[in-house]
file final.pdb (PDB, C-alpha atoms)
MODEL        1
ATOM      1  CA  THR Z   1     -98.815-143.961  60.729
ATOM      2  CA  PHE Z   2     -95.241-144.623  61.800
ATOM      3  CA  CYS Z   3     -93.550-141.621  60.223
ATOM      4  CA  VAL Z   4     -90.726-140.221  62.297
ATOM      5  CA  SER Z   5     -89.025-136.897  61.628
ATOM      6  CA  MET Z   6     -85.254-136.560  61.535
ATOM      7  CA  ALA Z   7     -85.478-134.587  64.763
ATOM      8  CA  GLY Z   8     -87.319-137.549  66.290
ATOM      9  CA  LYS Z   9     -85.125-140.343  64.928
ATOM     10  CA  PRO Z  10     -86.360-143.680  66.331
ATOM     11  CA  GLU Z  11     -84.615-144.793  69.489
ATOM     12  CA  LYS Z  12     -84.845-148.376  68.234
ATOM     13  CA  ASP Z  13     -84.196-149.669  64.722
ATOM     14  CA  TYR Z  14     -87.174-152.034  64.697
ATOM     15  CA  ILE Z  15     -90.825-152.086  65.716
ATOM     16  CA  THR Z  16     -93.353-154.902  66.020
ATOM     17  CA  GLU Z  17     -97.144-154.877  66.022
ATOM     18  CA  TYR Z  18    -100.186-156.642  64.622
ATOM     19  CA  ALA Z  19    -101.026-155.359  61.129
ATOM     20  CA  LYS Z  20    -103.868-152.842  61.310
ATOM     21  CA  SER Z  21    -104.990-153.571  57.751
ATOM     22  CA  GLY Z  22    -104.118-155.794  54.822
ATOM     23  CA  ARG Z  23    -102.600-153.037  52.715
ATOM     24  CA  ALA Z  24     -98.900-153.445  53.541
ATOM     25  CA  SER Z  25     -96.676-155.846  51.622
ATOM     26  CA  CYS Z  26     -93.751-157.718  53.134
ATOM     27  CA  LYS Z  27     -90.373-156.364  51.989
ATOM     28  CA  GLY Z  28     -89.036-159.904  52.091
ATOM     29  CA  CYS Z  29     -91.485-162.039  50.110
ATOM     30  CA  ALA Z  30     -93.600-159.226  48.569
ATOM     31  CA  LYS Z  31     -96.823-160.903  49.715
ATOM     32  CA  THR Z  32     -99.535-159.030  51.589
ATOM     33  CA  ILE Z  33     -99.298-158.945  55.375
ATOM     34  CA  ASP Z  34    -102.869-159.793  56.370
ATOM     35  CA  LYS Z  35    -104.725-157.763  58.964
ATOM     36  CA  GLY Z  36    -103.992-158.970  62.492
ATOM     37  CA  VAL Z  37    -100.780-160.783  61.517
ATOM     38  CA  LEU Z  38     -97.707-160.068  63.633
ATOM     39  CA  ARG Z  39     -95.177-158.037  61.679
ATOM     40  CA  ILE Z  40     -91.780-156.435  62.272
ATOM     41  CA  GLY Z  41     -90.702-153.178  60.656
ATOM     42  CA  GLN Z  42     -87.167-151.927  60.166
ATOM     43  CA  TYR Z  43     -86.934-148.147  60.210
ATOM     44  CA  VAL Z  44     -85.373-146.720  57.061
ATOM     45  CA  GLN Z  45     -84.965-143.192  55.806
ATOM     46  CA  SER Z  46     -87.961-142.208  53.707
ATOM     47  CA  PRO Z  47     -87.236-141.410  50.050
ATOM     48  CA  HIS Z  48     -90.171-138.976  50.080
ATOM     49  CA  PHE Z  49     -89.583-136.778  53.142
ATOM     50  CA  ASP Z  50     -87.050-135.911  55.825
ATOM     51  CA  GLY Z  51     -87.839-138.705  58.247
ATOM     52  CA  PHE Z  52     -88.046-142.451  58.870
ATOM     53  CA  VAL Z  53     -90.666-145.081  58.070
ATOM     54  CA  PRO Z  54     -90.809-148.823  58.842
ATOM     55  CA  ASN Z  55     -90.264-151.389  56.088
ATOM     56  CA  TRP Z  56     -92.703-154.092  57.200
ATOM     57  CA  HIS Z  57     -91.892-157.801  57.072
ATOM     58  CA  HIS Z  58     -93.517-161.024  58.129
ATOM     59  CA  VAL Z  59     -91.638-162.122  61.249
ATOM     60  CA  GLU Z  60     -90.218-165.192  59.490
ATOM     61  CA  CYS Z  61     -89.145-163.182  56.444
ATOM     62  CA  ILE Z  62     -87.094-160.631  58.358
ATOM     63  CA  PHE Z  63     -85.229-163.382  60.209
ATOM     64  CA  ARG Z  64     -84.453-165.111  56.897
ATOM     65  CA  LYS Z  65     -82.437-162.077  55.798
ATOM     66  CA  ALA Z  66     -78.725-162.789  55.566
ATOM     67  CA  ASN Z  67     -77.927-159.511  57.304
ATOM     68  CA  CYS Z  68     -80.798-159.359  59.783
ATOM     69  CA  GLY Z  69     -79.607-156.806  62.311
ATOM     70  CA  ILE Z  70     -81.854-157.828  65.212
ATOM     71  CA  LYS Z  71     -79.425-158.982  67.884
ATOM     72  CA  ASN Z  72     -81.335-158.202  71.077
ATOM     73  CA  PRO Z  73     -85.031-158.027  72.080
ATOM     74  CA  HIS Z  74     -84.358-154.474  73.249
ATOM     75  CA  ASP Z  75     -83.764-153.524  69.597
ATOM     76  CA  ILE Z  76     -87.512-153.858  68.922
ATOM     77  CA  ALA Z  77     -90.038-151.222  69.978
ATOM     78  CA  GLY Z  78     -93.469-152.551  70.923
ATOM     79  CA  LEU Z  79     -92.256-156.050  71.768
ATOM     80  CA  MET Z  80     -93.714-155.965  75.269
ATOM     81  CA  GLU Z  81     -97.109-154.958  73.841
ATOM     82  CA  VAL Z  82     -97.709-158.114  71.785
ATOM     83  CA  ALA Z  83     -98.989-161.448  73.116
ATOM     84  CA  PHE Z  84     -96.643-163.354  75.410
ATOM     85  CA  GLU Z  85     -96.400-166.304  73.008
ATOM     86  CA  ASP Z  86     -95.382-163.949  70.207
ATOM     87  CA  GLN Z  87     -92.793-162.341  72.480
ATOM     88  CA  LYS Z  88     -91.358-165.812  73.155
ATOM     89  CA  LYS Z  89     -91.269-166.597  69.436
ATOM     90  CA  ILE Z  90     -89.374-163.410  68.553
ATOM     91  CA  LYS Z  91     -86.957-163.828  71.456
ATOM     92  CA  GLY Z  92     -86.371-167.422  70.374
ATOM     93  CA  LEU Z  93     -85.630-166.348  66.808
ATOM     94  CA  ILE Z  94     -83.112-163.802  68.093
ATOM     95  CA  SER Z  95     -81.360-166.309  70.357
ATOM     96  CA  GLY Z  96     -81.407-169.074  67.771
ATOM     97  CA  GLU Z  97     -83.579-171.379  69.862
ATOM     98  CA  VAL Z  98     -86.280-171.016  67.206
ATOM     99  CA  THR Z  99     -85.433-171.219  63.505
ATOM    100  CA  VAL Z 100     -87.369-170.501  60.329
ATOM    101  CA  ALA Z 101     -87.438-172.880  57.400
ATOM    102  CA  PRO Z 102     -85.746-171.668  54.207
ATOM    103  CA  ALA Z 103     -88.087-170.189  51.634
ATOM    104  CA  LYS Z 104     -89.028-172.550  48.796
ATOM    105  CA  GLY Z 105     -89.965-172.179  45.145
ATOM    106  CA  LYS Z 106     -91.150-168.744  44.053
ATOM    107  CA  ALA Z 107     -90.756-167.380  47.580
ATOM    108  CA  ALA Z 108     -87.075-168.337  47.563
ATOM    109  CA  GLN Z 109     -86.596-166.674  44.193
ATOM    110  CA  ALA Z 110     -88.362-163.538  45.393
ATOM    111  CA  GLU Z 111     -86.124-163.318  48.432
ATOM    112  CA  ALA Z 112     -82.860-164.023  46.589
ATOM    113  CA  GLY Z 113     -80.500-161.194  47.311
ATOM    114  CA  LEU Z 114     -82.964-159.208  49.388
ATOM    115  CA  GLY Z 115     -81.410-157.665  52.473
ATOM    116  CA  ASP Z 116     -77.926-157.821  50.965
ATOM    117  CA  TYR Z 117     -75.959-154.760  49.868
ATOM    118  CA  SER Z 118     -74.447-153.824  46.531
ATOM    119  CA  VAL Z 119     -71.733-151.306  45.700
ATOM    120  CA  GLU Z 120     -70.453-149.984  42.376
ATOM    121  CA  TYR Z 121     -69.296-146.942  40.466
ATOM    122  CA  ALA Z 122     -72.319-145.045  39.132
ATOM    123  CA  LYS Z 123     -72.589-145.695  35.401
ATOM    124  CA  SER Z 124     -74.237-142.342  34.713
ATOM    125  CA  ASN Z 125     -75.569-139.316  36.568
ATOM    126  CA  ARG Z 126     -79.201-140.404  36.224
ATOM    127  CA  SER Z 127     -79.606-142.046  39.635
ATOM    128  CA  LYS Z 128     -80.781-140.188  42.730
ATOM    129  CA  CYS Z 129     -79.584-140.878  46.266
ATOM    130  CA  LYS Z 130     -82.327-142.456  48.391
ATOM    131  CA  GLY Z 131     -81.016-140.514  51.355
ATOM    132  CA  CYS Z 132     -80.707-136.907  50.167
ATOM    133  CA  SER Z 133     -82.512-137.157  46.787
ATOM    134  CA  GLU Z 134     -79.545-135.467  45.083
ATOM    135  CA  THR Z 135     -77.854-136.801  41.934
ATOM    136  CA  ILE Z 136     -75.137-139.435  42.268
ATOM    137  CA  ASP Z 137     -72.476-138.361  39.792
ATOM    138  CA  ALA Z 138     -71.155-140.747  37.147
ATOM    139  CA  GLY Z 139     -68.090-142.593  38.435
ATOM    140  CA  GLU Z 140     -68.940-141.922  42.092
ATOM    141  CA  VAL Z 141     -69.069-144.878  44.469
ATOM    142  CA  ARG Z 142     -72.670-145.681  45.364
ATOM    143  CA  MET Z 143     -73.973-148.347  47.721
ATOM    144  CA  GLY Z 144     -77.328-149.497  48.990
ATOM    145  CA  PRO Z 145     -79.471-152.362  50.265
ATOM    146  CA  ILE Z 146     -81.186-154.614  47.755
ATOM    147  CA  GLU Z 147     -84.955-154.326  48.192
ATOM    148  CA  LYS Z 148     -87.979-155.315  46.177
ATOM    149  CA  MET Z 149     -89.443-152.584  43.981
ATOM    150  CA  ASP Z 150     -92.713-151.148  45.325
ATOM    151  CA  ARG Z 151     -94.337-151.441  41.882
ATOM    152  CA  PRO Z 152     -94.445-154.094  39.137
ATOM    153  CA  PRO Z 153     -92.414-156.070  38.211
ATOM    154  CA  PHE Z 154     -91.283-156.088  41.899
ATOM    155  CA  LEU Z 155     -87.703-157.047  41.048
ATOM    156  CA  PRO Z 156     -84.907-156.878  43.641
ATOM    157  CA  THR Z 157     -83.234-153.505  43.105
ATOM    158  CA  ALA Z 158     -80.402-151.696  44.885
ATOM    159  CA  GLN Z 159     -81.531-148.574  46.734
ATOM    160  CA  TRP Z 160     -78.547-146.424  45.850
ATOM    161  CA  HIS Z 161     -77.067-143.910  48.312
ATOM    162  CA  HIS Z 162     -74.078-141.644  48.511
ATOM    163  CA  LEU Z 163     -71.713-143.330  50.978
ATOM    164  CA  THR Z 164     -72.007-140.434  53.425
ATOM    165  CA  CYS Z 165     -75.822-140.542  53.239
ATOM    166  CA  LEU Z 166     -75.875-144.286  53.911
ATOM    167  CA  GLU Z 167     -73.519-143.842  56.849
ATOM    168  CA  LYS Z 168     -75.672-141.000  58.201
ATOM    169  CA  ALA Z 169     -78.826-143.130  57.986
ATOM    170  CA  GLY Z 170     -77.196-145.568  60.430
ATOM    171  CA  LYS Z 171     -79.262-148.554  59.256
ATOM    172  CA  HIS Z 172     -76.407-150.861  58.228
ATOM    173  CA  GLY Z 173     -75.767-152.718  61.483
ATOM    174  CA  GLY Z 174     -73.750-155.907  61.088
ATOM    175  CA  LEU Z 175     -72.553-155.021  57.596
ATOM    176  CA  ASP Z 176     -69.319-156.693  56.462
ATOM    177  CA  CYS Z 177     -68.066-154.674  53.487
ATOM    178  CA  GLU Z 178     -65.979-157.523  52.140
ATOM    179  CA  LYS Z 179     -69.175-159.518  51.547
ATOM    180  CA  VAL Z 180     -70.979-156.683  49.762
ATOM    181  CA  LYS Z 181     -71.730-157.457  46.121
ATOM    182  CA  GLY Z 182     -69.259-155.553  43.937
ATOM    183  CA  PHE Z 183     -66.748-154.792  46.704
ATOM    184  CA  ALA Z 184     -63.978-156.785  44.986
ATOM    185  CA  MET Z 185     -64.385-154.650  41.852
ATOM    186  CA  LEU Z 186     -63.563-151.401  43.648
ATOM    187  CA  LYS Z 187     -60.170-149.714  43.654
ATOM    188  CA  PRO Z 188     -58.070-150.490  46.761
ATOM    189  CA  GLU Z 189     -58.444-146.927  48.062
ATOM    190  CA  ASP Z 190     -62.236-147.104  47.729
ATOM    191  CA  GLN Z 191     -62.282-150.492  49.457
ATOM    192  CA  ALA Z 192     -60.344-148.921  52.313
ATOM    193  CA  THR Z 193     -62.841-146.054  52.517
ATOM    194  CA  LEU Z 194     -65.767-148.471  52.788
ATOM    195  CA  LYS Z 195     -64.050-150.499  55.514
ATOM    196  CA  LYS Z 196     -63.359-147.340  57.487
ATOM    197  CA  MET Z 197     -66.953-146.127  57.185
ATOM    198  CA  PHE Z 198     -68.900-149.387  57.569
ATOM    199  CA  GLY Z 199     -66.546-152.060  58.845
ATOM    200  CA  GLY Z 200     -64.702-155.021  57.421
ATOM    201  CA  ALA Z 201     -64.523-158.684  58.300
ATOM    202  CA  GLY Z 202     -65.261-159.378  61.925
ATOM    203  CA  ARG Z 203     -66.410-155.855  62.632
ATOM    204  CA  ARG Z 204     -69.941-154.611  63.171
ATOM    205  CA  GLY Z 205     -71.113-151.491  61.416
TER     206      GLY Z 205
ENDMDL
END

call {"tool": "encode", "arguments": {"input": "final.pdb", "output": "structure tokens"}}
result
Amino acid sequence: TFCVSMAGKPEKDYITEYAKSGRASCKGCAKTIDKGVLRIGQYVQSPHFDGFVPNWHHVECIFRKANCGIKNPHDIAGLMEVAFEDQKKIKGLISGEVTVAPAKGKAAQAEAGLGDYSVEYAKSNRSKCKGCSETIDAGEVRMGPIEKMDRPPFLPTAQWHHLTCLEKAGKHGGLDCEKVKGFAMLKPEDQATLKKMFGGAGRRG
């Protein structure tokens, strides 16, 4: 398994390989990634233990994300271990020489909003931070990436974090706070805090 402890935080944010089984589902389209299919995983902080795990995607699905953070082939562990043609495909997707067609029909609906971020004031103290597992107090600013639930009905849901926990996780590359859903509804001082922590227009997180 690709479980990495906090002490052994991944040197690279992404990893690619051929799926070893057909058990994993794509975090983009929610469909099964068949055994032997090339996949790319983005390391995220595990909600279950003090470490990191890859969120697996079909190659096309991860590059459809509006905030795909893959900017350089060197960002991806294992790239040199896959077939040369697959290396060329991934490098082409990064450079823009290769493009993926937009998702259609149900796939487009499933992917709507996925990969984006949302921010708001916690409506109650019932939510738990996906980073530290502690309560997010009512009225506190919370933010997180929108991902598909790992159980039915598989709806896109924000993975809420304390701001400091999200910043610590360091998995928000390329984030433009001004484009985050809910940013405009925040108080000016909270908007300023987000820009300072994660970046504003024209700045990379």

call {"tool": "residues_around", "arguments": {"input": "final.pdb", "residues": "Cys165 (chain Z)", "least_positions_apart": "5", "cutoff": "8 Å", "atoms": "all atoms listed in the file", "output": "MDAnalysis selection string"}}
result
chainID Z and resid 129 131:132

call {"tool": "write_last_selection", "arguments": {"input": "final.pdb", "atoms": "C-alpha atoms", "output": "compact mmCIF listing (two decimals), keeping the file's coordinate frame"}}
result
# COMPACT_ATOMS: atom_id res chain seq x y z
CA CYS Z 129 -79.58 -140.88 46.27
CA GLY Z 131 -81.02 -140.51 51.36
CA CYS Z 132 -80.71 -136.91 50.17

call {"tool": "resolve_selection", "arguments": {"input": "final.pdb", "expression": "the PyMOL selection byres ((chain Z and resi 194) around 12)", "output": "JSON, numbers by chain"}}
result
{"Z": [118, 119, 120, 141, 142, 143, 162, 163, 164, 166, 167, 175, 176, 177, 178, 179, 180, 182, 183, 184, 186, 187, 188, 189, 190, 191, 192, 193, 195, 196, 197, 198, 199, 200, 201, 205]}

call {"tool": "resolve_selection", "arguments": {"input": "final.pdb", "expression": "the PyMOL selection byres ((chain Z and resi 38-44) around 6)", "output": "NGL selection string"}}
result
:Z and (13-18 or 37 or 45 or 52-59)

call {"tool": "atom_distance", "arguments": {"input": "final.pdb", "atom1": "CA of Ile136 (chain Z)", "atom2": "CA of His161 (chain Z)"}}
result
7.8 Å

call {"tool": "resolve_selection", "arguments": {"input": "final.pdb", "expression": "the PyMOL selection byres ((chain Z and resi 35) around 8)", "output": "count of residues only"}}
result
9

call {"tool": "atom_distance", "arguments": {"input": "final.pdb", "atom1": "CA of Leu93 (chain Z)", "atom2": "CA of Cys68 (chain Z)"}}
result
11.0 Å

call {"tool": "atom_distance", "arguments": {"input": "final.pdb", "atom1": "CA of Pro73 (chain Z)", "atom2": "CA of Asp50 (chain Z)"}}
result
27.5 Å
